[in-house]
Amino acid sequence: MTAVLRAPVLRVPGILSAAALLAAVSLTGCGGGDGDGGGDADGHGGRSATGAVAPDDFGCLTSEEAKAASLPFKSADGTETGAYVPGGESGGGTGAGIVLAHQSDGTACQWKDKADELYRAGYRVLAVNSAGQEVSEIVGAAGYLRGKGAKKLLMGASKGGTAVLTAAPAVRPQPDAVIALSAPTVYSAMNALDAVPKLTAPVLYMAAEYDESFGEDAKALNKASTKASEHKLIYIRGAGEHGVALLDSVENWATVQAFLKKYGS
C-alpha cells in the first residue's frame with residue numbers, strides 16, 4: 001500500500017555521517033556521557049563535587065529535566081544505556097510504550113520535543129541515547145517498556161529507522177507496530193532489507209522523493225515486508241526532508257500519530 005503526498009520542493013541532504021540513529025539513534029549532534037566516570041560536573045554524566053554521578057543531560061536537558069527524566073536501562077547484551085524518559089521511571093501512560101531511535105546526527109535530544117508530546121498524549125516513551133550497539137539497545141528498550149506494563153511501538157529515523165527494523169523481529173513477542181523514517185536498507189552491520197521479511201508487525205515507512213536514495217530504499221523495504229500484517233509507504237513527492245525533519249510537517253506528523261493510535265490504543 002503506497003500513499004503519495006505532494007509538498008513544496010525542499011532539498012535537505014540526507015545525513016548519514018557515520019559517527020558512532022529507534023530508533024532511532026546517532027552521536028554527533030549533542031553531547032552525552034562517555035561512560036567512563038569522566039566528563040564534566042554540570043550534567044553531562046560526569047561526577048559532581050561530592051563524587052556522585054550526575055544525570056546525563058544529553059546536551060539539551062536542563063538540570064531539572066536530567067534529574068527527572070535521564071535514566072539508564074540495560075541493553076539486550078547487558079550493557080547500560082542512557083535514555084530520555086519523560087515522566088521518569090514511574091511516570092508515563094499505562095497503555096502503549098514507544099521506543100524512539102535517533103539518526104546519525106543526533107542523540108536522544110533529537111526526539112525530545114516529539115517524546116514530550118507523545119508523553120502528554122498518554123504514551124510511555126523511551127528515547128534511546130545510543131552508544132553504538134543500536135539493535136541490542138532497542139531490544140533492551142522494548143524489554144524495559146514491557147517491564148513497565150506497556151506495549152512496544154518502535155519508531156526510528158534514518159540510522160534509527162534501520163535499527164528499529166533490524167531489531168523488531170528479535171523482540172519477543174514482536175512489537176505492536178513499527179515506524180521507520182528515511183531508513184536506509186543497510187547501515188553499518190545492520191541490514192533492514194534482510195530483517196523486514198521476518199517482520200509480522202504492521203509497519204509504516206515514510207520518505208521524501210528528493211532525499212538522495214532514501215525514497216527508493218523505503219520502496220524496497222515496503223515491498224520486502226511481505227509478512228507484515230500491514231505495510232504502508234508514505235512517499236512524499238516534491239520534498240527533501242530527512243528523518244525526524246519529516247515530522248515538521250503537520251500532515252506527516254498527523255499520519256504518524258494516527259498509525260500509533262491505531263495500534264497503540
# chains A, B, ... in the order shown; residues from 1 in each chain; ligands from 1
>>> select_by_dssp(residues="segment 36-263 of chain A", states="strand (DSSP E or B)", output="PyMOL selection string")
chain A and resi 44+47+53+56+70-74+80-84+96-101+124-129+151-157+177-181+186-187+190-191+203-208+231-237
>>> residues_around(residues="Ala66 of chain A", least_positions_apart="2", cutoff="8 Å", atoms="only C-alpha atoms", output="JSON, numbers by chain")
{"A": [43, 55, 56, 57, 61, 62, 63, 64, 68, 69, 70]}
>>> residues_around(residues="Ala142 of chain A", least_positions_apart="4", cutoff="9 Å", atoms="only C-alpha atoms", output="PyMOL selection string")
chain A and resi 97-99+126+137-138+146-147+151-154+171+175
>>> write_last_selection(atoms="N, CA and C atoms", output="PDB file, in the first residue's frame")
ATOM      1  N   GLY A  97       3.751   1.778  24.867  1.00  0.00           N
ATOM      2  CA  GLY A  97       5.065   2.370  25.083  1.00  0.00           C
ATOM      3  C   GLY A  97       5.758   2.541  23.751  1.00  0.00           C
ATOM      4  N   ILE A  98       6.508   3.621  23.595  1.00  0.00           N
ATOM      5  CA  ILE A  98       7.159   3.934  22.327  1.00  0.00           C
ATOM      6  C   ILE A  98       8.663   4.046  22.532  1.00  0.00           C
ATOM      7  N   VAL A  99       9.425   3.279  21.759  1.00  0.00           N
ATOM      8  CA  VAL A  99      10.884   3.392  21.728  1.00  0.00           C
ATOM      9  C   VAL A  99      11.248   4.299  20.562  1.00  0.00           C
ATOM     10  N   LEU A 126      10.418   6.105  25.631  1.00  0.00           N
ATOM     11  CA  LEU A 126      11.834   5.929  25.926  1.00  0.00           C
ATOM     12  C   LEU A 126      12.626   6.289  24.678  1.00  0.00           C
ATOM     13  N   GLU A 137      20.403  -2.269  21.933  1.00  0.00           N
ATOM     14  CA  GLU A 137      19.794  -1.208  22.734  1.00  0.00           C
ATOM     15  C   GLU A 137      18.284  -1.168  22.547  1.00  0.00           C
ATOM     16  N   ILE A 138      17.832  -1.332  21.313  1.00  0.00           N
ATOM     17  CA  ILE A 138      16.403  -1.247  21.053  1.00  0.00           C
ATOM     18  C   ILE A 138      15.665  -2.454  21.610  1.00  0.00           C
ATOM     19  N   ARG A 146       8.178  -3.172  28.346  1.00  0.00           N
ATOM     20  CA  ARG A 146       7.314  -4.311  28.697  1.00  0.00           C
ATOM     21  C   ARG A 146       7.294  -4.518  30.210  1.00  0.00           C
ATOM     22  N   GLY A 147       8.452  -4.356  30.838  1.00  0.00           N
ATOM     23  CA  GLY A 147       8.530  -4.497  32.286  1.00  0.00           C
ATOM     24  C   GLY A 147       7.703  -3.465  33.025  1.00  0.00           C
ATOM     25  N   LYS A 151       2.782  -1.769  25.957  1.00  0.00           N
ATOM     26  CA  LYS A 151       3.023  -2.340  24.645  1.00  0.00           C
ATOM     27  C   LYS A 151       4.266  -1.670  24.066  1.00  0.00           C
ATOM     28  N   LYS A 152       4.757  -2.191  22.972  1.00  0.00           N
ATOM     29  CA  LYS A 152       6.001  -1.674  22.401  1.00  0.00           C
ATOM     30  C   LYS A 152       5.780  -1.229  20.962  1.00  0.00           C
ATOM     31  N   LEU A 153       5.810   0.063  20.729  1.00  0.00           N
ATOM     32  CA  LEU A 153       5.743   0.616  19.393  1.00  0.00           C
ATOM     33  C   LEU A 153       7.097   1.239  19.101  1.00  0.00           C
ATOM     34  N   LEU A 154       7.755   0.819  18.050  1.00  0.00           N
ATOM     35  CA  LEU A 154       9.106   1.293  17.748  1.00  0.00           C
ATOM     36  C   LEU A 154       9.073   2.338  16.645  1.00  0.00           C
ATOM     37  N   VAL A 171      12.553  -8.895  18.827  1.00  0.00           N
ATOM     38  CA  VAL A 171      11.765  -8.603  20.021  1.00  0.00           C
ATOM     39  C   VAL A 171      10.707  -9.696  20.171  1.00  0.00           C
ATOM     40  N   PRO A 175       6.933  -6.266  18.310  1.00  0.00           N
ATOM     41  CA  PRO A 175       6.214  -5.053  18.712  1.00  0.00           C
ATOM     42  C   PRO A 175       4.856  -4.952  18.037  1.00  0.00           C
TER      43      PRO A 175
END
>>> residues_around(residues="Ser158 of chain A", least_positions_apart="5", cutoff="7 Å", atoms="only C-alpha atoms", output="compact mmCIF listing (two decimals) with N, CA, C and O atoms, in the first residue's frame")
# COMPACT_ATOMS: atom_id res chain seq x y z
N LEU A 21 21.16 6.63 15.11
CA LEU A 21 20.46 6.91 14.73
C LEU A 21 20.38 6.45 14.11
O LEU A 21 18.97 6.32 14.55
N GLN A 103 18.76 9.45 14.64
CA GLN A 103 19.55 9.26 13.43
C GLN A 103 21.01 9.60 13.68
O GLN A 103 21.42 9.87 14.82
N LEU A 181 11.43 6.23 9.51
CA LEU A 181 11.50 7.47 8.74
C LEU A 181 12.84 7.54 8.01
O LEU A 181 13.89 7.50 8.63
N SER A 182 12.79 7.62 6.69
CA SER A 182 14.01 7.77 5.87
C SER A 182 15.06 6.71 6.20
O SER A 182 16.25 6.99 6.30
N ALA A 183 14.64 5.48 6.38
CA ALA A 183 15.57 4.42 6.77
C ALA A 183 16.32 3.86 5.57
O ALA A 183 15.71 3.46 4.57
N PRO A 184 17.65 3.82 5.62
CA PRO A 184 18.40 3.12 4.57
C PRO A 184 18.23 1.62 4.72
O PRO A 184 18.00 1.12 5.83
N GLY A 243 14.46 12.12 7.77
CA GLY A 243 14.33 11.62 9.13
C GLY A 243 13.34 12.39 9.98
O GLY A 243 12.19 12.64 9.57
>>> residues_around(residues="Ala108 of chain A", least_positions_apart="6", cutoff="8 Å", atoms="only C-alpha atoms", output="list in words")
Val25, Phe58, Ala83, Tyr84, Ala101, His102, Ala127, Val128, Asn129 and Ser130 of chain A
>>> write_last_selection(atoms="N, CA, C and O atoms", output="short mmCIF file (atom, residue, chain, number, x, y, z; two decimals), in the first residue's frame")
data_model
loop_
_atom_site.label_atom_id
_atom_site.label_comp_id
_atom_site.auth_asym_id
_atom_site.auth_seq_id
_atom_site.Cartn_x
_atom_site.Cartn_y
_atom_site.Cartn_z
N VAL A 25 19.40 6.34 15.97
CA VAL A 25 19.96 6.96 17.14
C VAL A 25 21.44 7.23 16.88
O VAL A 25 22.20 6.33 16.78
N PHE A 58 22.38 14.88 27.96
CA PHE A 58 22.41 14.60 26.53
C PHE A 58 22.67 15.84 25.69
O PHE A 58 22.53 15.82 24.48
N ALA A 83 18.87 6.97 28.37
CA ALA A 83 17.64 7.28 27.64
C ALA A 83 16.96 8.50 28.25
O ALA A 83 17.09 8.76 29.45
N TYR A 84 16.25 9.21 27.42
CA TYR A 84 15.37 10.27 27.89
C TYR A 84 13.99 9.66 28.03
O TYR A 84 13.41 9.14 27.08
N ALA A 101 14.36 5.95 18.29
CA ALA A 101 15.77 5.75 17.94
C ALA A 101 16.22 6.90 17.04
O ALA A 101 15.61 7.17 16.01
N HIS A 102 17.29 7.60 17.42
CA HIS A 102 17.70 8.79 16.69
C HIS A 102 18.59 8.46 15.50
O HIS A 102 19.10 7.35 15.35
N ALA A 127 13.35 7.42 24.73
CA ALA A 127 14.20 7.85 23.62
C ALA A 127 15.63 7.41 23.92
O ALA A 127 16.28 7.93 24.82
N VAL A 128 16.10 6.44 23.17
CA VAL A 128 17.42 5.85 23.40
C VAL A 128 18.52 6.85 23.05
O VAL A 128 18.43 7.56 22.04
N ASN A 129 19.55 6.89 23.88
CA ASN A 129 20.75 7.65 23.55
C ASN A 129 21.84 6.63 23.22
O ASN A 129 22.51 6.10 24.09
N SER A 130 22.00 6.35 21.94
CA SER A 130 22.79 5.20 21.53
C SER A 130 24.27 5.33 21.83
O SER A 130 24.87 6.40 21.69
#
>>> residues_around(residues="His231 of chain A", least_positions_apart="5", cutoff="9 Å", atoms="only C-alpha atoms", output="PyMOL selection string")
chain A and resi 1-2+201-205+222-223+225-226
>>> atom_distance(atom1="atom CA of Val164 of chain A", atom2="atom CA of Ala76 of chain A")
13.8 Å
>>> atom_distance(atom1="atom CA of Gly156 of chain A", atom2="atom CA of Asp105 of chain A")
12.9 Å
>>> atom_distance(atom1="atom CA of Ser265 of chain A", atom2="atom CA of Glu117 of chain A")
16.3 Å
>>> decode(residues="segment 228-248 of chain A", atoms="N, CA, C and O atoms", output="PDB file, in the first residue's frame")
ATOM      1  N   ALA A 228       4.267  -8.690   7.064  1.00  0.00           N
ATOM      2  CA  ALA A 228       3.694  -7.690   7.965  1.00  0.00           C
ATOM      3  C   ALA A 228       2.179  -7.664   7.815  1.00  0.00           C
ATOM      4  O   ALA A 228       1.643  -7.746   6.703  1.00  0.00           O
ATOM      5  N   SER A 229       1.482  -7.556   8.940  1.00  0.00           N
ATOM      6  CA  SER A 229       0.019  -7.539   8.890  1.00  0.00           C
ATOM      7  C   SER A 229      -0.502  -6.315   8.145  1.00  0.00           C
ATOM      8  O   SER A 229      -1.593  -6.333   7.571  1.00  0.00           O
ATOM      9  N   GLU A 230       0.270  -5.261   8.132  1.00  0.00           N
ATOM     10  CA  GLU A 230       0.029  -4.091   7.286  1.00  0.00           C
ATOM     11  C   GLU A 230       1.374  -3.460   6.986  1.00  0.00           C
ATOM     12  O   GLU A 230       2.210  -3.326   7.878  1.00  0.00           O
ATOM     13  N   HIS A 231       1.617  -3.129   5.743  1.00  0.00           N
ATOM     14  CA  HIS A 231       2.813  -2.347   5.423  1.00  0.00           C
ATOM     15  C   HIS A 231       2.393  -1.219   4.506  1.00  0.00           C
ATOM     16  O   HIS A 231       1.714  -1.415   3.510  1.00  0.00           O
ATOM     17  N   LYS A 232       2.778  -0.021   4.915  1.00  0.00           N
ATOM     18  CA  LYS A 232       2.298   1.189   4.261  1.00  0.00           C
ATOM     19  C   LYS A 232       3.467   2.123   4.004  1.00  0.00           C
ATOM     20  O   LYS A 232       4.306   2.333   4.879  1.00  0.00           O
ATOM     21  N   LEU A 233       3.526   2.683   2.810  1.00  0.00           N
ATOM     22  CA  LEU A 233       4.579   3.622   2.438  1.00  0.00           C
ATOM     23  C   LEU A 233       3.981   4.993   2.183  1.00  0.00           C
ATOM     24  O   LEU A 233       3.065   5.144   1.371  1.00  0.00           O
ATOM     25  N   ILE A 234       4.491   5.989   2.881  1.00  0.00           N
ATOM     26  CA  ILE A 234       4.159   7.384   2.599  1.00  0.00           C
ATOM     27  C   ILE A 234       5.359   7.977   1.868  1.00  0.00           C
ATOM     28  O   ILE A 234       6.404   8.231   2.466  1.00  0.00           O
ATOM     29  N   TYR A 235       5.232   8.134   0.581  1.00  0.00           N
ATOM     30  CA  TYR A 235       6.298   8.647  -0.283  1.00  0.00           C
ATOM     31  C   TYR A 235       5.926  10.077  -0.662  1.00  0.00           C
ATOM     32  O   TYR A 235       4.959  10.302  -1.382  1.00  0.00           O
ATOM     33  N   ILE A 236       6.677  11.033  -0.169  1.00  0.00           N
ATOM     34  CA  ILE A 236       6.276  12.431  -0.264  1.00  0.00           C
ATOM     35  C   ILE A 236       6.954  13.076  -1.466  1.00  0.00           C
ATOM     36  O   ILE A 236       8.156  13.361  -1.451  1.00  0.00           O
ATOM     37  N   ARG A 237       6.192  13.287  -2.517  1.00  0.00           N
ATOM     38  CA  ARG A 237       6.738  13.861  -3.742  1.00  0.00           C
ATOM     39  C   ARG A 237       7.009  15.353  -3.574  1.00  0.00           C
ATOM     40  O   ARG A 237       6.299  16.067  -2.872  1.00  0.00           O
ATOM     41  N   GLY A 238       8.072  15.799  -4.231  1.00  0.00           N
ATOM     42  CA  GLY A 238       8.400  17.214  -4.239  1.00  0.00           C
ATOM     43  C   GLY A 238       9.021  17.708  -2.951  1.00  0.00           C
ATOM     44  O   GLY A 238       9.124  18.914  -2.728  1.00  0.00           O
ATOM     45  N   ALA A 239       9.444  16.780  -2.083  1.00  0.00           N
ATOM     46  CA  ALA A 239      10.018  17.175  -0.794  1.00  0.00           C
ATOM     47  C   ALA A 239      11.384  16.526  -0.622  1.00  0.00           C
ATOM     48  O   ALA A 239      11.725  15.562  -1.303  1.00  0.00           O
ATOM     49  N   GLY A 240      12.177  17.052   0.303  1.00  0.00           N
ATOM     50  CA  GLY A 240      13.504  16.503   0.530  1.00  0.00           C
ATOM     51  C   GLY A 240      13.878  16.397   1.992  1.00  0.00           C
ATOM     52  O   GLY A 240      15.038  16.162   2.314  1.00  0.00           O
ATOM     53  N   GLU A 241      12.923  16.566   2.903  1.00  0.00           N
ATOM     54  CA  GLU A 241      13.231  16.466   4.326  1.00  0.00           C
ATOM     55  C   GLU A 241      13.690  15.062   4.679  1.00  0.00           C
ATOM     56  O   GLU A 241      13.251  14.079   4.088  1.00  0.00           O
ATOM     57  N   HIS A 242      14.527  14.997   5.695  1.00  0.00           N
ATOM     58  CA  HIS A 242      15.127  13.715   6.067  1.00  0.00           C
ATOM     59  C   HIS A 242      14.830  13.367   7.523  1.00  0.00           C
ATOM     60  O   HIS A 242      14.953  14.212   8.416  1.00  0.00           O
ATOM     61  N   GLY A 243      14.455  12.124   7.770  1.00  0.00           N
ATOM     62  CA  GLY A 243      14.330  11.622   9.134  1.00  0.00           C
ATOM     63  C   GLY A 243      13.338  12.391   9.976  1.00  0.00           C
ATOM     64  O   GLY A 243      12.193  12.642   9.573  1.00  0.00           O
ATOM     65  N   VAL A 244      13.776  12.794  11.171  1.00  0.00           N
ATOM     66  CA  VAL A 244      12.897  13.488  12.108  1.00  0.00           C
ATOM     67  C   VAL A 244      12.315  14.755  11.497  1.00  0.00           C
ATOM     68  O   VAL A 244      11.192  15.161  11.815  1.00  0.00           O
ATOM     69  N   ALA A 245      13.035  15.389  10.581  1.00  0.00           N
ATOM     70  CA  ALA A 245      12.550  16.624   9.945  1.00  0.00           C
ATOM     71  C   ALA A 245      11.261  16.403   9.162  1.00  0.00           C
ATOM     72  O   ALA A 245      10.499  17.346   8.930  1.00  0.00           O
ATOM     73  N   LEU A 246      10.994  15.166   8.754  1.00  0.00           N
ATOM     74  CA  LEU A 246       9.725  14.874   8.082  1.00  0.00           C
ATOM     75  C   LEU A 246       8.537  15.227   8.966  1.00  0.00           C
ATOM     76  O   LEU A 246       7.462  15.580   8.475  1.00  0.00           O
ATOM     77  N   LEU A 247       8.735  15.127  10.274  1.00  0.00           N
ATOM     78  CA  LEU A 247       7.636  15.343  11.211  1.00  0.00           C
ATOM     79  C   LEU A 247       7.402  16.816  11.510  1.00  0.00           C
ATOM     80  O   LEU A 247       6.492  17.160  12.278  1.00  0.00           O
ATOM     81  N   ASP A 248       8.198  17.706  10.899  1.00  0.00           N
ATOM     82  CA  ASP A 248       7.899  19.132  10.989  1.00  0.00           C
ATOM     83  C   ASP A 248       6.625  19.463  10.218  1.00  0.00           C
ATOM     84  O   ASP A 248       5.978  20.473  10.486  1.00  0.00           O
TER      85      ASP A 248
END
